[in-house]
$ cat run_16.tsv   # TSV, N, CA and C atoms
chain	number	residue	atom	x	y	z
A	111	TYR	N	-9.42	4.58	-19.45
A	111	TYR	CA	-9.61	5.54	-18.37
A	111	TYR	C	-9.75	4.77	-17.07
A	112	LEU	N	-8.94	5.16	-16.07
A	112	LEU	CA	-8.97	4.44	-14.80
A	112	LEU	C	-9.72	5.17	-13.70
A	113	GLY	N	-9.96	6.48	-13.87
A	113	GLY	CA	-10.78	7.17	-12.88
A	113	GLY	C	-10.24	8.50	-12.40
A	114	LEU	N	-11.06	9.14	-11.57
A	114	LEU	CA	-10.72	10.43	-10.96
A	114	LEU	C	-9.86	10.16	-9.74
A	115	ILE	N	-8.68	10.81	-9.67
A	115	ILE	CA	-7.77	10.66	-8.54
A	115	ILE	C	-8.08	11.69	-7.47
A	116	SER	N	-8.33	12.92	-7.89
A	116	SER	CA	-8.59	14.01	-6.96
A	116	SER	C	-9.50	15.01	-7.64
A	117	ASP	N	-10.43	15.60	-6.88
A	117	ASP	CA	-11.32	16.60	-7.46
A	117	ASP	C	-10.88	18.02	-7.09
A	118	GLU	N	-9.64	18.17	-6.57
A	118	GLU	CA	-9.10	19.51	-6.35
A	118	GLU	C	-8.97	20.20	-7.70
A	119	VAL	N	-9.18	21.50	-7.73
A	119	VAL	CA	-9.12	22.23	-9.00
A	119	VAL	C	-7.67	22.57	-9.34
A	120	PRO	N	-7.11	21.95	-10.38
A	120	PRO	CA	-5.75	22.27	-10.80
A	120	PRO	C	-5.68	23.69	-11.38
A	121	GLU	N	-4.48	24.28	-11.36
A	121	GLU	CA	-4.30	25.63	-11.89
A	121	GLU	C	-4.36	25.66	-13.41
A	122	SER	N	-3.99	24.55	-14.05
A	122	SER	CA	-3.98	24.52	-15.51
A	122	SER	C	-4.14	23.08	-16.00
A	123	PHE	N	-4.30	22.93	-17.32
A	123	PHE	CA	-4.25	21.61	-17.92
A	123	PHE	C	-2.79	21.17	-17.90
A	124	ASN	N	-2.54	19.90	-17.58
A	124	ASN	CA	-1.16	19.44	-17.51
A	124	ASN	C	-1.13	17.92	-17.50
A	125	ILE	N	-0.02	17.36	-18.00
A	125	ILE	CA	0.28	15.95	-17.79
A	125	ILE	C	1.14	15.95	-16.54
A	126	SER	N	0.56	15.61	-15.39
A	126	SER	CA	1.28	15.78	-14.13
A	126	SER	C	2.23	14.64	-13.83
A	127	SER	N	1.97	13.45	-14.37
A	127	SER	CA	2.83	12.31	-14.09
A	127	SER	C	2.66	11.24	-15.15
A	128	VAL	N	3.80	10.61	-15.52
A	128	VAL	CA	3.79	9.47	-16.43
A	128	VAL	C	4.68	8.41	-15.79
A	129	TYR	N	4.10	7.26	-15.46
A	129	TYR	CA	4.89	6.24	-14.75
A	129	TYR	C	4.37	4.84	-15.10
A	130	PRO	N	5.20	3.81	-15.06
A	130	PRO	CA	6.66	3.95	-15.04
A	130	PRO	C	7.16	4.42	-16.40
A	131	ASN	N	8.32	4.95	-16.44
A	131	ASN	CA	8.91	5.40	-17.70
A	131	ASN	C	10.42	5.26	-17.59
A	132	PRO	N	11.03	4.34	-18.33
A	132	PRO	CA	10.50	3.46	-19.38
A	132	PRO	C	9.47	2.46	-18.83
A	133	PHE	N	8.66	1.90	-19.77
A	133	PHE	CA	7.58	1.00	-19.37
A	133	PHE	C	7.51	-0.23	-20.27
A	134	ASN	N	6.83	-1.27	-19.78
A	134	ASN	CA	6.59	-2.49	-20.54
A	134	ASN	C	5.52	-3.29	-19.83
A	135	PRO	N	4.37	-3.52	-20.40
A	135	PRO	CA	3.81	-2.90	-21.61
A	135	PRO	C	2.83	-1.77	-21.29
A	136	LYS	N	2.58	-1.48	-19.99
A	136	LYS	CA	1.57	-0.46	-19.66
A	136	LYS	C	2.20	0.76	-19.00
A	137	VAL	N	1.65	1.93	-19.34
A	137	VAL	CA	2.09	3.18	-18.73
A	137	VAL	C	0.85	3.90	-18.20
A	138	ASN	N	1.00	4.53	-17.04
A	138	ASN	CA	-0.08	5.31	-16.43
A	138	ASN	C	0.17	6.78	-16.65
A	139	ILE	N	-0.87	7.52	-16.97
A	139	ILE	CA	-0.75	8.94	-17.29
A	139	ILE	C	-1.74	9.72	-16.43
A	140	GLU	N	-1.21	10.57	-15.55
A	140	GLU	CA	-2.05	11.43	-14.72
A	140	GLU	C	-2.21	12.77	-15.42
A	141	VAL	N	-3.45	13.22	-15.55
A	141	VAL	CA	-3.76	14.45	-16.27
A	141	VAL	C	-4.52	15.40	-15.35
A	142	ASP	N	-4.06	16.65	-15.29
A	142	ASP	CA	-4.76	17.70	-14.55
A	142	ASP	C	-5.75	18.38	-15.49
A	143	ILE	N	-7.02	18.41	-15.10
A	143	ILE	CA	-8.07	19.05	-15.90
A	143	ILE	C	-8.54	20.28	-15.12
A	144	ALA	N	-8.28	21.46	-15.68
A	144	ALA	CA	-8.54	22.71	-14.98
A	144	ALA	C	-9.94	23.25	-15.20
A	145	SER	N	-10.59	22.85	-16.27
A	145	SER	CA	-11.95	23.30	-16.55
A	145	SER	C	-12.65	22.24	-17.39
A	146	SER	N	-13.94	22.38	-17.57
A	146	SER	CA	-14.69	21.34	-18.27
A	146	SER	C	-14.72	21.56	-19.78
A	147	GLU	N	-13.63	22.06	-20.34
A	147	GLU	CA	-13.59	22.19	-21.80
A	147	GLU	C	-13.11	20.89	-22.43
A	148	VAL	N	-13.34	20.76	-23.73
A	148	VAL	CA	-12.97	19.56	-24.47
A	148	VAL	C	-11.45	19.44	-24.52
A	149	PHE	N	-10.94	18.22	-24.27
A	149	PHE	CA	-9.51	17.98	-24.42
A	149	PHE	C	-9.30	16.63	-25.10
A	150	ASN	N	-8.09	16.45	-25.60
A	150	ASN	CA	-7.71	15.21	-26.28
A	150	ASN	C	-6.43	14.70	-25.66
A	151	LEU	N	-6.38	13.40	-25.38
A	151	LEU	CA	-5.17	12.74	-24.88
A	151	LEU	C	-4.86	11.61	-25.84
A	152	SER	N	-3.68	11.70	-26.49
A	152	SER	CA	-3.33	10.72	-27.52
A	152	SER	C	-1.86	10.34	-27.43
A	153	ILE	N	-1.53	9.22	-28.06
A	153	ILE	CA	-0.16	8.73	-28.16
A	153	ILE	C	0.29	8.88	-29.61
A	154	TYR	N	1.51	9.41	-29.81
A	154	TYR	CA	2.08	9.59	-31.14
A	154	TYR	C	3.44	8.91	-31.21
A	155	ASP	N	3.85	8.52	-32.42
A	155	ASP	CA	5.19	7.95	-32.60
A	155	ASP	C	6.19	9.05	-32.93
A	156	LEU	N	7.45	8.67	-33.14
A	156	LEU	CA	8.51	9.65	-33.41
A	156	LEU	C	8.28	10.45	-34.69
A	157	GLN	N	7.58	9.87	-35.64
A	157	GLN	CA	7.29	10.56	-36.90
A	157	GLN	C	6.10	11.50	-36.78
A	158	GLY	N	5.45	11.52	-35.62
A	158	GLY	CA	4.30	12.39	-35.42
A	158	GLY	C	2.98	11.78	-35.83
A	159	ALA	N	2.99	10.48	-36.15
A	159	ALA	CA	1.75	9.80	-36.54
A	159	ALA	C	0.98	9.38	-35.29
A	160	LEU	N	-0.33	9.53	-35.35
A	160	LEU	CA	-1.19	9.11	-34.25
A	160	LEU	C	-1.12	7.59	-34.10
A	161	VAL	N	-0.81	7.13	-32.89
A	161	VAL	CA	-0.75	5.70	-32.59
A	161	VAL	C	-2.07	5.25	-31.96
A	162	GLN	N	-2.52	6.00	-30.95
A	162	GLN	CA	-3.78	5.66	-30.30
A	162	GLN	C	-4.34	6.87	-29.58
A	163	GLU	N	-5.64	7.08	-29.73
A	163	GLU	CA	-6.33	8.14	-28.99
A	163	GLU	C	-6.84	7.53	-27.69
A	164	LEU	N	-6.43	8.10	-26.56
A	164	LEU	CA	-6.86	7.59	-25.26
A	164	LEU	C	-8.16	8.23	-24.80
A	165	TYR	N	-8.37	9.51	-25.15
A	165	TYR	CA	-9.59	10.19	-24.75
A	165	TYR	C	-9.80	11.43	-25.60
A	166	ASP	N	-11.06	11.72	-25.92
A	166	ASP	CA	-11.42	12.95	-26.61
A	166	ASP	C	-12.81	13.34	-26.12
A	167	GLY	N	-12.87	14.45	-25.37
A	167	GLY	CA	-14.15	14.89	-24.83
A	167	GLY	C	-13.93	15.75	-23.60
A	168	THR	N	-14.91	15.75	-22.69
A	168	THR	CA	-14.79	16.53	-21.46
A	168	THR	C	-14.84	15.59	-20.26
A	169	LYS	N	-14.19	16.00	-19.20
A	169	LYS	CA	-14.22	15.29	-17.91
A	169	LYS	C	-14.39	16.35	-16.84
A	170	GLY	N	-14.79	15.92	-15.65
A	170	GLY	CA	-14.89	16.84	-14.53
A	170	GLY	C	-13.52	17.38	-14.14
A	171	VAL	N	-13.52	18.54	-13.51
A	171	VAL	CA	-12.28	19.17	-13.06
A	171	VAL	C	-11.60	18.27	-12.03
A	172	GLY	N	-10.26	18.19	-12.10
A	172	GLY	CA	-9.48	17.41	-11.14
A	172	GLY	C	-8.38	16.64	-11.82
A	173	LYS	N	-7.79	15.69	-11.08
A	173	LYS	CA	-6.74	14.81	-11.62
A	173	LYS	C	-7.39	13.52	-12.08
A	174	HIS	N	-7.09	13.11	-13.30
A	174	HIS	CA	-7.64	11.88	-13.86
A	174	HIS	C	-6.50	10.96	-14.27
A	175	LEU	N	-6.73	9.65	-14.17
A	175	LEU	CA	-5.70	8.67	-14.50
A	175	LEU	C	-6.12	7.87	-15.73
A	176	TYR	N	-5.21	7.81	-16.70
A	176	TYR	CA	-5.40	7.02	-17.91
A	176	TYR	C	-4.27	6.00	-18.00
A	177	SER	N	-4.50	4.94	-18.74
A	177	SER	CA	-3.49	3.91	-18.92
A	177	SER	C	-3.41	3.55	-20.40
A	178	TRP	N	-2.20	3.31	-20.89
A	178	TRP	CA	-2.01	2.86	-22.27
A	178	TRP	C	-1.32	1.51	-22.24
A	179	ASP	N	-1.94	0.52	-22.86
A	179	ASP	CA	-1.36	-0.81	-23.00
A	179	ASP	C	-0.72	-0.89	-24.37
A	180	ALA	N	0.62	-0.93	-24.39
A	180	ALA	CA	1.36	-0.92	-25.64
A	180	ALA	C	1.84	-2.31	-26.05
A	181	SER	N	1.14	-3.34	-25.60
A	181	SER	CA	1.53	-4.72	-25.92
A	181	SER	C	1.66	-4.98	-27.41
A	182	ALA	N	0.83	-4.33	-28.20
A	182	ALA	CA	0.81	-4.57	-29.65
A	182	ALA	C	1.81	-3.69	-30.42
A	183	TYR	N	2.58	-2.88	-29.71
A	183	TYR	CA	3.48	-1.93	-30.38
A	183	TYR	C	4.94	-2.30	-30.13
A	184	SER	N	5.82	-1.83	-31.02
A	184	SER	CA	7.24	-2.16	-30.91
A	184	SER	C	7.95	-1.21	-29.94
A	185	SER	N	9.08	-1.66	-29.43
A	185	SER	CA	9.90	-0.84	-28.55
A	185	SER	C	10.26	0.47	-29.23
A	186	GLY	N	10.40	1.51	-28.43
A	186	GLY	CA	10.79	2.79	-29.00
A	186	GLY	C	10.26	3.95	-28.20
A	187	ILE	N	10.46	5.13	-28.75
A	187	ILE	CA	10.03	6.36	-28.09
A	187	ILE	C	8.68	6.79	-28.67
A	188	TYR	N	7.79	7.16	-27.76
A	188	TYR	CA	6.47	7.66	-28.12
A	188	TYR	C	6.22	8.96	-27.36
A	189	PHE	N	5.18	9.66	-27.74
A	189	PHE	CA	4.83	10.91	-27.07
A	189	PHE	C	3.38	10.87	-26.62
A	190	VAL	N	3.15	11.26	-25.37
A	190	VAL	CA	1.82	11.46	-24.84
A	190	VAL	C	1.50	12.92	-25.07
A	191	ARG	N	0.37	13.22	-25.71
A	191	ARG	CA	0.04	14.61	-26.03
A	191	ARG	C	-1.34	14.97	-25.50
A	192	LEU	N	-1.40	16.04	-24.72
A	192	LEU	CA	-2.64	16.58	-24.18
A	192	LEU	C	-2.91	17.91	-24.87
A	193	THR	N	-4.07	18.04	-25.51
A	193	THR	CA	-4.39	19.28	-26.22
A	193	THR	C	-5.80	19.75	-25.89
A	194	THR	N	-5.94	21.08	-25.86
A	194	THR	CA	-7.25	21.73	-25.81
A	194	THR	C	-7.22	22.76	-26.93
A	195	ASN	N	-8.25	23.58	-27.04
A	195	ASN	CA	-8.26	24.63	-28.06
A	195	ASN	C	-7.14	25.64	-27.85
A	196	GLU	N	-6.69	25.82	-26.60
A	196	GLU	CA	-5.71	26.86	-26.30
A	196	GLU	C	-4.44	26.33	-25.65
A	197	PHE	N	-4.27	25.01	-25.57
A	197	PHE	CA	-3.18	24.44	-24.79
A	197	PHE	C	-2.63	23.20	-25.46
A	198	TYR	N	-1.32	22.97	-25.25
A	198	TYR	CA	-0.66	21.79	-25.78
A	198	TYR	C	0.44	21.38	-24.81
A	199	LYS	N	0.47	20.11	-24.44
A	199	LYS	CA	1.53	19.59	-23.58
A	199	LYS	C	1.91	18.21	-24.09
A	200	SER	N	3.21	17.93	-24.12
A	200	SER	CA	3.68	16.65	-24.62
A	200	SER	C	4.75	16.09	-23.69
A	201	ASN	N	4.71	14.77	-23.45
A	201	ASN	CA	5.72	14.09	-22.64
A	201	ASN	C	6.26	12.91	-23.44
A	202	LYS	N	7.57	12.72	-23.36
A	202	LYS	CA	8.22	11.61	-24.04
A	202	LYS	C	8.15	10.36	-23.15
A	203	ILE	N	7.78	9.22	-23.74
A	203	ILE	CA	7.76	7.95	-23.03
A	203	ILE	C	8.53	6.92	-23.83
A	204	MET	N	9.08	5.92	-23.14
A	204	MET	CA	9.89	4.90	-23.83
A	204	MET	C	9.36	3.51	-23.51
A	205	LEU	N	8.98	2.79	-24.56
A	205	LEU	CA	8.54	1.40	-24.46
A	205	LEU	C	9.75	0.50	-24.66
A	206	VAL	N	10.05	-0.33	-23.65
A	206	VAL	CA	11.19	-1.24	-23.71
A	206	VAL	C	10.67	-2.67	-23.53
A	207	LYS	N	10.86	-3.49	-24.56
A	207	LYS	CA	10.37	-4.88	-24.48
A	207	LYS	C	11.53	-5.83	-24.28

$ encode --input "run_16.tsv" --output "structure tokens"
Amino acid sequence: YLGLISDEVPESFNISSVYPNPFNPKVNIEVDIASSEVFNLSIYDLQGALVQELYDGTKGVGKHLYSWDASAYSSGIYFVRLTTNEFYKSNKIMLVK
């Protein structure tokens, strides 16, 4: 977790930005948090297996920045997934070594 970018209240939960993409070895993930409910941010592989959980819990409302260091993982396509009890968002990312 790298920190709060903005405390403006987003309209919904969302993965607002993933950069750079393709990436090597680190990718930054901006997440919009619309309310203080529990959410999960995780990385999955093409088979749907959990690769790494980046966050599970609550954060203050606003835009938050997370980073994933994929140095230990092989090149390929992965998915960033943001979930709450009522919401699901997924973005495709590509690790190129």

$ residues_around --input "run_16.tsv" --residues "A:Ser126" --least-positions-apart "3" --cutoff "10 Å" --atoms "only C-alpha atoms" --output "PyMOL selection string"
chain A and resi 123+139-142+173-175+201

$ atom_distance --input "run_16.tsv" --atom1 "atom C of A:Asn195" --atom2 "atom C of A:Gly170"
17.2 Å

$ select_by_dssp --input "run_16.tsv" --residues "stretch 131-207 of chain A" --states "strand (DSSP E)" --output "ChimeraX atom specification"
/A:136-143,149-155,160-167,172-179,186-193,198-205

$ atom_distance --input "run_16.tsv" --atom1 "atom N of A:Glu163" --atom2 "atom C of A:Leu151"
6.0 Å

$ atom_distance --input "run_16.tsv" --atom1 "atom N of A:Leu160" --atom2 "atom CA of A:Arg191"
10.6 Å

$ closest_residue --input "run_16.tsv" --among "A:Ser145, A:Asn150, A:Ser177, A:Ser127" --to "A:Gly113" --atoms "all atoms listed in the file"
A:Ser177

$ closest_residue --input "run_16.tsv" --among "A:Tyr165, A:Phe133, A:Ile125, A:Ala159" --to "A:Leu205" --atoms "all atoms listed in the file"
A:Phe133

$ closest_residue --input "run_16.tsv" --among "A:Val119, A:Val137, A:Val206, A:Val128" --to "A:Trp178" --atoms "all atoms listed in the file"
A:Val137

$ residues_around --input "run_16.tsv" --residues "A:Phe149" --least-positions-apart "3" --cutoff "9 Å" --atoms "only C-alpha atoms" --output "PyMOL selection string"
chain A and resi 143+146+165-169+192-195

$ write_last_selection --input "run_16.tsv" --atoms "N, CA and C atoms" --output "mmCIF file, keeping the file's coordinate frame"
data_model
loop_
_atom_site.group_PDB
_atom_site.id
_atom_site.type_symbol
_atom_site.label_atom_id
_atom_site.label_comp_id
_atom_site.auth_asym_id
_atom_site.auth_seq_id
_atom_site.Cartn_x
_atom_site.Cartn_y
_atom_site.Cartn_z
ATOM 1 N N ILE A 143 -7.020 18.410 -15.100
ATOM 2 C CA ILE A 143 -8.070 19.050 -15.900
ATOM 3 C C ILE A 143 -8.540 20.280 -15.120
ATOM 4 N N SER A 146 -13.940 22.380 -17.570
ATOM 5 C CA SER A 146 -14.690 21.340 -18.270
ATOM 6 C C SER A 146 -14.720 21.560 -19.780
ATOM 7 N N TYR A 165 -8.370 9.510 -25.150
ATOM 8 C CA TYR A 165 -9.590 10.190 -24.750
ATOM 9 C C TYR A 165 -9.800 11.430 -25.600
ATOM 10 N N ASP A 166 -11.060 11.720 -25.920
ATOM 11 C CA ASP A 166 -11.420 12.950 -26.610
ATOM 12 C C ASP A 166 -12.810 13.340 -26.120
ATOM 13 N N GLY A 167 -12.870 14.450 -25.370
ATOM 14 C CA GLY A 167 -14.150 14.890 -24.830
ATOM 15 C C GLY A 167 -13.930 15.750 -23.600
ATOM 16 N N THR A 168 -14.910 15.750 -22.690
ATOM 17 C CA THR A 168 -14.790 16.530 -21.460
ATOM 18 C C THR A 168 -14.840 15.590 -20.260
ATOM 19 N N LYS A 169 -14.190 16.000 -19.200
ATOM 20 C CA LYS A 169 -14.220 15.290 -17.910
ATOM 21 C C LYS A 169 -14.390 16.350 -16.840
ATOM 22 N N LEU A 192 -1.400 16.040 -24.720
ATOM 23 C CA LEU A 192 -2.640 16.580 -24.180
ATOM 24 C C LEU A 192 -2.910 17.910 -24.870
ATOM 25 N N THR A 193 -4.070 18.040 -25.510
ATOM 26 C CA THR A 193 -4.390 19.280 -26.220
ATOM 27 C C THR A 193 -5.800 19.750 -25.890
ATOM 28 N N THR A 194 -5.940 21.080 -25.860
ATOM 29 C CA THR A 194 -7.250 21.730 -25.810
ATOM 30 C C THR A 194 -7.220 22.760 -26.930
ATOM 31 N N ASN A 195 -8.250 23.580 -27.040
ATOM 32 C CA ASN A 195 -8.260 24.630 -28.060
ATOM 33 C C ASN A 195 -7.140 25.640 -27.850
#

$ closest_residue --input "run_16.tsv" --among "A:Pro130, A:Asp117, A:Pro135, A:Ala144" --to "A:Ile203" --atoms "all atoms listed in the file"
A:Pro130

$ closest_residue --input "run_16.tsv" --among "A:Tyr129, A:Tyr183, A:Tyr188, A:Tyr198" --to "A:Leu156" --atoms "all atoms listed in the file"
A:Tyr188

$ closest_residue --input "run_16.tsv" --among "A:Val161, A:Asp155, A:Ser122, A:Val171" --to "A:Gly186" --atoms "only N, CA and C atoms"
A:Asp155
